[in-house]
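Listing of final01.txt, compact mmCIF, N, CA and C atoms
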```
# COMPACT_ATOMS: atom_id res chain seq x y z
N MET A 238 -1.85 -18.15 30.36
CA MET A 238 -2.20 -17.45 29.14
C MET A 238 -2.28 -15.95 29.43
N GLU A 239 -1.62 -15.13 28.61
CA GLU A 239 -1.64 -13.69 28.80
C GLU A 239 -2.93 -13.09 28.26
N GLU A 240 -3.43 -12.09 29.00
CA GLU A 240 -4.60 -11.37 28.52
C GLU A 240 -4.16 -10.32 27.51
N SER A 241 -4.96 -10.15 26.45
CA SER A 241 -4.64 -9.08 25.51
C SER A 241 -5.20 -7.79 26.07
N ARG A 242 -4.54 -6.69 25.80
CA ARG A 242 -5.00 -5.40 26.29
C ARG A 242 -4.91 -4.39 25.17
N GLN A 243 -5.70 -3.36 25.27
CA GLN A 243 -5.68 -2.27 24.30
C GLN A 243 -4.56 -1.32 24.67
N PRO A 244 -3.82 -0.80 23.69
CA PRO A 244 -2.77 0.18 24.02
C PRO A 244 -3.38 1.48 24.52
N SER A 245 -2.68 2.14 25.43
CA SER A 245 -3.15 3.41 25.95
C SER A 245 -2.96 4.50 24.92
N ASN A 246 -3.58 5.66 25.16
CA ASN A 246 -3.42 6.79 24.24
C ASN A 246 -1.98 7.20 24.10
N GLU A 247 -1.22 7.19 25.21
CA GLU A 247 0.18 7.59 25.14
C GLU A 247 0.99 6.60 24.31
N GLU A 248 0.64 5.31 24.35
CA GLU A 248 1.37 4.32 23.57
C GLU A 248 1.08 4.45 22.08
N THR A 249 -0.11 4.90 21.72
CA THR A 249 -0.46 5.04 20.32
C THR A 249 -0.18 6.42 19.77
N ALA A 250 0.24 7.36 20.62
CA ALA A 250 0.45 8.74 20.18
C ALA A 250 1.49 8.84 19.08
N ASP A 251 2.50 7.98 19.10
CA ASP A 251 3.56 8.10 18.10
C ASP A 251 3.18 7.51 16.75
N VAL A 252 1.97 6.98 16.60
CA VAL A 252 1.55 6.44 15.31
C VAL A 252 0.45 7.28 14.67
N THR A 253 0.16 8.43 15.24
CA THR A 253 -0.86 9.30 14.68
C THR A 253 -0.27 10.13 13.54
N GLY A 254 -1.14 10.74 12.76
CA GLY A 254 -0.69 11.62 11.68
C GLY A 254 -0.89 13.07 12.06
N TRP A 255 -1.08 13.91 11.07
CA TRP A 255 -1.30 15.33 11.30
C TRP A 255 -2.64 15.55 11.98
N GLU A 256 -2.63 16.35 13.06
CA GLU A 256 -3.85 16.65 13.79
C GLU A 256 -3.89 18.14 14.13
N THR A 257 -5.10 18.67 14.29
CA THR A 257 -5.26 20.06 14.69
C THR A 257 -5.00 20.19 16.17
N ALA A 258 -4.30 21.26 16.55
CA ALA A 258 -4.02 21.56 17.96
C ALA A 258 -4.28 23.04 18.18
N VAL A 259 -4.63 23.37 19.42
CA VAL A 259 -4.86 24.76 19.79
C VAL A 259 -4.10 25.06 21.08
N LEU A 260 -3.54 26.28 21.15
CA LEU A 260 -2.79 26.70 22.33
C LEU A 260 -3.70 27.47 23.26
N ASP A 261 -3.57 27.18 24.56
CA ASP A 261 -4.39 27.84 25.59
C ASP A 261 -3.51 28.72 26.47
N GLY A 262 -3.89 29.99 26.60
CA GLY A 262 -3.19 30.90 27.48
C GLY A 262 -1.93 31.46 26.87
N GLY A 263 -1.27 32.33 27.64
CA GLY A 263 0.00 32.90 27.20
C GLY A 263 -0.13 33.79 25.98
N PRO A 264 1.00 34.16 25.41
CA PRO A 264 1.00 35.10 24.30
C PRO A 264 0.44 34.55 22.99
N ALA A 265 0.35 33.25 22.85
CA ALA A 265 -0.17 32.65 21.61
C ALA A 265 -1.55 32.02 21.84
N ASP A 266 -2.30 32.55 22.81
CA ASP A 266 -3.62 32.01 23.14
C ASP A 266 -4.50 31.88 21.91
N SER A 267 -5.12 30.73 21.75
CA SER A 267 -6.07 30.42 20.67
C SER A 267 -5.42 30.16 19.32
N LEU A 268 -4.10 30.16 19.25
CA LEU A 268 -3.41 29.85 18.00
C LEU A 268 -3.70 28.41 17.63
N ARG A 269 -4.12 28.19 16.38
CA ARG A 269 -4.41 26.84 15.91
C ARG A 269 -3.34 26.43 14.92
N MET A 270 -3.00 25.14 14.91
CA MET A 270 -1.96 24.63 14.03
C MET A 270 -2.17 23.16 13.78
N LYS A 271 -1.39 22.60 12.89
CA LYS A 271 -1.35 21.16 12.66
C LYS A 271 -0.06 20.63 13.28
N VAL A 272 -0.17 19.53 14.03
CA VAL A 272 1.00 18.90 14.63
C VAL A 272 1.07 17.46 14.16
N LEU A 273 2.27 16.92 14.16
CA LEU A 273 2.50 15.55 13.73
C LEU A 273 2.93 14.72 14.93
N ASP A 274 2.28 13.61 15.15
CA ASP A 274 2.65 12.65 16.20
C ASP A 274 2.54 13.17 17.62
N ARG A 275 1.64 14.10 17.86
CA ARG A 275 1.32 14.58 19.21
C ARG A 275 2.54 14.91 20.07
N PRO A 276 3.30 15.93 19.70
CA PRO A 276 4.47 16.28 20.51
C PRO A 276 4.05 16.65 21.93
N ARG A 277 4.91 16.41 22.89
CA ARG A 277 4.63 16.72 24.29
C ARG A 277 4.68 18.20 24.56
N VAL A 278 5.57 18.90 23.85
CA VAL A 278 5.82 20.32 24.09
C VAL A 278 5.86 21.05 22.75
N ILE A 279 5.31 22.27 22.74
CA ILE A 279 5.43 23.16 21.59
C ILE A 279 6.09 24.43 22.08
N GLN A 280 7.08 24.89 21.34
CA GLN A 280 7.79 26.11 21.67
C GLN A 280 7.38 27.20 20.70
N VAL A 281 6.99 28.34 21.24
CA VAL A 281 6.61 29.50 20.43
C VAL A 281 7.64 30.59 20.68
N THR A 282 8.11 31.22 19.63
CA THR A 282 9.09 32.30 19.79
C THR A 282 8.59 33.58 19.13
N TYR A 283 8.97 34.69 19.71
CA TYR A 283 8.69 36.01 19.16
C TYR A 283 10.02 36.74 19.05
N PRO A 284 10.27 37.41 17.91
CA PRO A 284 11.51 38.17 17.80
C PRO A 284 11.49 39.39 18.71
N CYS A 285 12.63 39.72 19.26
CA CYS A 285 12.78 40.93 20.08
C CYS A 285 13.48 41.99 19.22
N ARG A 286 13.13 43.23 19.44
CA ARG A 286 13.79 44.33 18.73
C ARG A 286 15.09 44.66 19.46
N LEU A 287 16.16 44.70 18.71
CA LEU A 287 17.46 45.01 19.27
C LEU A 287 17.83 46.45 18.92
N GLU A 288 18.33 47.16 19.91
CA GLU A 288 18.76 48.54 19.65
C GLU A 288 20.11 48.57 18.97
N THR A 289 21.04 47.79 19.48
CA THR A 289 22.35 47.66 18.84
C THR A 289 22.79 46.21 19.01
N ALA A 290 23.31 45.66 17.93
CA ALA A 290 23.77 44.28 17.98
C ALA A 290 24.76 44.04 16.84
N PRO A 291 25.72 43.18 17.06
CA PRO A 291 26.63 42.81 15.97
C PRO A 291 25.84 42.13 14.84
N ASP A 292 26.40 42.16 13.64
CA ASP A 292 25.74 41.51 12.51
C ASP A 292 25.42 40.05 12.82
N GLY A 293 24.22 39.64 12.48
CA GLY A 293 23.79 38.25 12.65
C GLY A 293 23.24 37.90 14.01
N VAL A 294 23.34 38.80 14.98
CA VAL A 294 22.83 38.51 16.33
C VAL A 294 21.34 38.82 16.37
N ARG A 295 20.60 37.94 16.98
CA ARG A 295 19.16 38.16 17.17
C ARG A 295 18.77 37.67 18.55
N ALA A 296 17.64 38.15 19.02
CA ALA A 296 17.11 37.71 20.32
C ALA A 296 15.64 37.36 20.12
N GLU A 297 15.22 36.30 20.79
CA GLU A 297 13.83 35.86 20.71
C GLU A 297 13.30 35.54 22.09
N ALA A 298 12.05 35.90 22.32
CA ALA A 298 11.35 35.50 23.55
C ALA A 298 10.81 34.10 23.32
N VAL A 299 10.97 33.21 24.30
CA VAL A 299 10.58 31.81 24.16
C VAL A 299 9.44 31.50 25.13
N TYR A 300 8.40 30.86 24.61
CA TYR A 300 7.25 30.45 25.41
C TYR A 300 7.00 28.97 25.16
N VAL A 301 6.67 28.24 26.22
CA VAL A 301 6.48 26.79 26.13
C VAL A 301 5.04 26.43 26.44
N TYR A 302 4.50 25.53 25.63
CA TYR A 302 3.14 24.99 25.81
C TYR A 302 3.25 23.48 25.93
N ARG A 303 2.56 22.92 26.94
CA ARG A 303 2.62 21.47 27.19
C ARG A 303 1.28 20.83 26.86
N ARG A 304 1.36 19.65 26.29
CA ARG A 304 0.16 18.93 25.86
C ARG A 304 -0.72 18.54 27.05
N ASP A 305 -2.03 18.70 26.87
CA ASP A 305 -3.02 18.29 27.86
C ASP A 305 -3.42 16.86 27.52
N TYR A 306 -2.94 15.90 28.31
CA TYR A 306 -3.19 14.48 28.02
C TYR A 306 -4.62 14.06 28.28
N ALA A 307 -5.42 14.90 28.91
CA ALA A 307 -6.83 14.57 29.11
C ALA A 307 -7.61 14.70 27.80
N VAL A 308 -7.06 15.41 26.85
CA VAL A 308 -7.71 15.59 25.54
C VAL A 308 -7.07 14.63 24.56
N ASP A 309 -7.87 13.69 24.03
CA ASP A 309 -7.31 12.71 23.11
C ASP A 309 -7.95 12.73 21.73
N SER A 310 -8.71 13.81 21.43
CA SER A 310 -9.27 13.96 20.10
C SER A 310 -9.06 15.41 19.65
N GLU A 311 -9.21 15.63 18.37
CA GLU A 311 -9.00 16.98 17.83
C GLU A 311 -10.07 17.95 18.29
N PRO A 312 -9.73 19.20 18.53
CA PRO A 312 -8.36 19.70 18.51
C PRO A 312 -7.63 19.32 19.79
N LEU A 313 -6.38 18.89 19.64
CA LEU A 313 -5.54 18.64 20.81
C LEU A 313 -5.31 19.97 21.50
N ARG A 314 -5.06 19.95 22.80
CA ARG A 314 -4.87 21.19 23.56
C ARG A 314 -3.48 21.23 24.16
N TYR A 315 -2.90 22.40 24.12
CA TYR A 315 -1.59 22.65 24.72
C TYR A 315 -1.73 23.87 25.61
N GLY A 316 -1.39 23.71 26.89
CA GLY A 316 -1.51 24.80 27.85
C GLY A 316 -0.20 25.52 28.06
N PHE A 317 -0.29 26.83 28.24
CA PHE A 317 0.88 27.66 28.48
C PHE A 317 1.54 27.27 29.80
N ASP A 318 2.85 27.09 29.77
CA ASP A 318 3.62 26.71 30.97
C ASP A 318 4.35 27.95 31.46
N ILE A 319 3.78 28.65 32.41
CA ILE A 319 4.35 29.89 32.91
C ILE A 319 5.67 29.66 33.65
N ALA A 320 5.92 28.46 34.12
CA ALA A 320 7.12 28.18 34.92
C ALA A 320 8.38 27.95 34.08
N THR A 321 8.23 27.76 32.78
CA THR A 321 9.43 27.51 31.98
C THR A 321 10.04 28.83 31.54
N PRO A 322 11.35 28.85 31.45
CA PRO A 322 12.03 30.09 31.03
C PRO A 322 11.80 30.40 29.57
```

Would you put the structure from the file into structure tokens?
Amino acid sequence: MEESRQPSNEETADVTGWETAVLDGGPADSLRMKVLDRPRVIQVTYPCRLETAPDGVRAEAVYVYRRDYAVDSEPLRYGFDIATP
């Protein structure tokens, strides 16, 4: 006979709804938002000012925040990942 077990937080993460999340560190420190289904990564972009560029060209700085799996209640936490480009 198989024992029943409770699903882990990671197994139930894809069935959650909108939740409050906060970013820790980096250029978007303390930014609060609503996320759906607990994404593993959040990407934040900032526009860069271009001195000269062809029509339609833009540049953006990209920053990555990774979910802190130790936090399983609101607000969810996402830490700045300095190692990502």

(request) Could you give me, as a ChimeraX atom specification, the residues within 9 Å of stretch 295-303 of chain A, counting only C-alpha atoms and dropping anything in the same chain fewer than 2 positions from it? (result) /A:260-265,276-287,290-293,305,314-322

(request) Mind giving me the straight-line distance from atom CA of A:Asp266 to atom N of A:Gly254 in Å, one decimal? (result)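 Between atom CA of A:Asp266 and atom N of A:Gly254 the gap works out to 23.8 Å.
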
Kindly provide, as lines of an AutoDock Vina configuration file, the centre and edge lengths (Å, one decimal) of an axis-aligned box around all atoms of stretch 268-285 of chain A given in the file, with 5 Å on each side.
```
center_x = 4.5
center_y = 27.3
center_z = 18.6
size_x = 27.9
size_y = 39.3
size_z = 21.9
```

(request) To one decimal in Å, tell me the separation between atom CA of A:Arg275 and atom CA of A:Leu313. (result)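 Computed distance, atom CA of A:Arg275 to atom CA of A:Leu313, equals 8.1 Å.
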
(request) Name all residues at most 10 Å from A:Ala258 (count only C-alpha atoms; drop same-chain ones fewer than 4 positions away) and give them as number ranges by chain. (result) A: 267-273, 275, 304, 310-315

(request) Going by DSSP on the backbone, which bits of chain A are alpha helix (DSSP H)? Write them as number ranges by chain, please. (result) A: 246-249

(request) Write out as number ranges by chain all residues of chain A that DSSP puts in strand (DSSP E) for this structure's backbone. (result) A: 255-261, 269-273, 278-284, 297-304, 313-317

Since we have the selection now, will you write its residues out, keeping N, CA and C atoms, as an mmCIF file, keeping the file's coordinate frame?
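Contents of result.cif, as written:
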```cif
data_model
loop_
_atom_site.group_PDB
_atom_site.id
_atom_site.type_symbol
_atom_site.label_atom_id
_atom_site.label_comp_id
_atom_site.auth_asym_id
_atom_site.auth_seq_id
_atom_site.Cartn_x
_atom_site.Cartn_y
_atom_site.Cartn_z
ATOM 1 N N TRP A 255 -1.080 13.910 11.070
ATOM 2 C CA TRP A 255 -1.300 15.330 11.300
ATOM 3 C C TRP A 255 -2.640 15.550 11.980
ATOM 4 N N GLU A 256 -2.630 16.350 13.060
ATOM 5 C CA GLU A 256 -3.850 16.650 13.790
ATOM 6 C C GLU A 256 -3.890 18.140 14.130
ATOM 7 N N THR A 257 -5.100 18.670 14.290
ATOM 8 C CA THR A 257 -5.260 20.060 14.690
ATOM 9 C C THR A 257 -5.000 20.190 16.170
ATOM 10 N N ALA A 258 -4.300 21.260 16.550
ATOM 11 C CA ALA A 258 -4.020 21.560 17.960
ATOM 12 C C ALA A 258 -4.280 23.040 18.180
ATOM 13 N N VAL A 259 -4.630 23.370 19.420
ATOM 14 C CA VAL A 259 -4.860 24.760 19.790
ATOM 15 C C VAL A 259 -4.100 25.060 21.080
ATOM 16 N N LEU A 260 -3.540 26.280 21.150
ATOM 17 C CA LEU A 260 -2.790 26.700 22.330
ATOM 18 C C LEU A 260 -3.700 27.470 23.260
ATOM 19 N N ASP A 261 -3.570 27.180 24.560
ATOM 20 C CA ASP A 261 -4.390 27.840 25.590
ATOM 21 C C ASP A 261 -3.510 28.720 26.470
ATOM 22 N N ARG A 269 -4.120 28.190 16.380
ATOM 23 C CA ARG A 269 -4.410 26.840 15.910
ATOM 24 C C ARG A 269 -3.340 26.430 14.920
ATOM 25 N N MET A 270 -3.000 25.140 14.910
ATOM 26 C CA MET A 270 -1.960 24.630 14.030
ATOM 27 C C MET A 270 -2.170 23.160 13.780
ATOM 28 N N LYS A 271 -1.390 22.600 12.890
ATOM 29 C CA LYS A 271 -1.350 21.160 12.660
ATOM 30 C C LYS A 271 -0.060 20.630 13.280
ATOM 31 N N VAL A 272 -0.170 19.530 14.030
ATOM 32 C CA VAL A 272 1.000 18.900 14.630
ATOM 33 C C VAL A 272 1.070 17.460 14.160
ATOM 34 N N LEU A 273 2.270 16.920 14.160
ATOM 35 C CA LEU A 273 2.500 15.550 13.730
ATOM 36 C C LEU A 273 2.930 14.720 14.930
ATOM 37 N N VAL A 278 5.570 18.900 23.850
ATOM 38 C CA VAL A 278 5.820 20.320 24.090
ATOM 39 C C VAL A 278 5.860 21.050 22.750
ATOM 40 N N ILE A 279 5.310 22.270 22.740
ATOM 41 C CA ILE A 279 5.430 23.160 21.590
ATOM 42 C C ILE A 279 6.090 24.430 22.080
ATOM 43 N N GLN A 280 7.080 24.890 21.340
ATOM 44 C CA GLN A 280 7.790 26.110 21.670
ATOM 45 C C GLN A 280 7.380 27.200 20.700
ATOM 46 N N VAL A 281 6.990 28.340 21.240
ATOM 47 C CA VAL A 281 6.610 29.500 20.430
ATOM 48 C C VAL A 281 7.640 30.590 20.680
ATOM 49 N N THR A 282 8.110 31.220 19.630
ATOM 50 C CA THR A 282 9.090 32.300 19.790
ATOM 51 C C THR A 282 8.590 33.580 19.130
ATOM 52 N N TYR A 283 8.970 34.690 19.710
ATOM 53 C CA TYR A 283 8.690 36.010 19.160
ATOM 54 C C TYR A 283 10.020 36.740 19.050
ATOM 55 N N PRO A 284 10.270 37.410 17.910
ATOM 56 C CA PRO A 284 11.510 38.170 17.800
ATOM 57 C C PRO A 284 11.490 39.390 18.710
ATOM 58 N N GLU A 297 15.220 36.300 20.790
ATOM 59 C CA GLU A 297 13.830 35.860 20.710
ATOM 60 C C GLU A 297 13.300 35.540 22.090
ATOM 61 N N ALA A 298 12.050 35.900 22.320
ATOM 62 C CA ALA A 298 11.350 35.500 23.550
ATOM 63 C C ALA A 298 10.810 34.100 23.320
ATOM 64 N N VAL A 299 10.970 33.210 24.300
ATOM 65 C CA VAL A 299 10.580 31.810 24.160
ATOM 66 C C VAL A 299 9.440 31.500 25.130
ATOM 67 N N TYR A 300 8.400 30.860 24.610
ATOM 68 C CA TYR A 300 7.250 30.450 25.410
ATOM 69 C C TYR A 300 7.000 28.970 25.160
ATOM 70 N N VAL A 301 6.670 28.240 26.220
ATOM 71 C CA VAL A 301 6.480 26.790 26.130
ATOM 72 C C VAL A 301 5.040 26.430 26.440
ATOM 73 N N TYR A 302 4.500 25.530 25.630
ATOM 74 C CA TYR A 302 3.140 24.990 25.810
ATOM 75 C C TYR A 302 3.250 23.480 25.930
ATOM 76 N N ARG A 303 2.560 22.920 26.940
ATOM 77 C CA ARG A 303 2.620 21.470 27.190
ATOM 78 C C ARG A 303 1.280 20.830 26.860
ATOM 79 N N ARG A 304 1.360 19.650 26.290
ATOM 80 C CA ARG A 304 0.160 18.930 25.860
ATOM 81 C C ARG A 304 -0.720 18.540 27.050
ATOM 82 N N LEU A 313 -6.380 18.890 19.640
ATOM 83 C CA LEU A 313 -5.540 18.640 20.810
ATOM 84 C C LEU A 313 -5.310 19.970 21.500
ATOM 85 N N ARG A 314 -5.060 19.950 22.800
ATOM 86 C CA ARG A 314 -4.870 21.190 23.560
ATOM 87 C C ARG A 314 -3.480 21.230 24.160
ATOM 88 N N TYR A 315 -2.900 22.400 24.120
ATOM 89 C CA TYR A 315 -1.590 22.650 24.720
ATOM 90 C C TYR A 315 -1.730 23.870 25.610
ATOM 91 N N GLY A 316 -1.390 23.710 26.890
ATOM 92 C CA GLY A 316 -1.510 24.800 27.850
ATOM 93 C C GLY A 316 -0.200 25.520 28.060
ATOM 94 N N PHE A 317 -0.290 26.830 28.240
ATOM 95 C CA PHE A 317 0.880 27.660 28.480
ATOM 96 C C PHE A 317 1.540 27.270 29.800
#
```

(request) Mind giving me the straight-line distance from atom N of A:Asp274 to atom C of A:Glu256 in Å, one decimal? (result) 7.7 Å
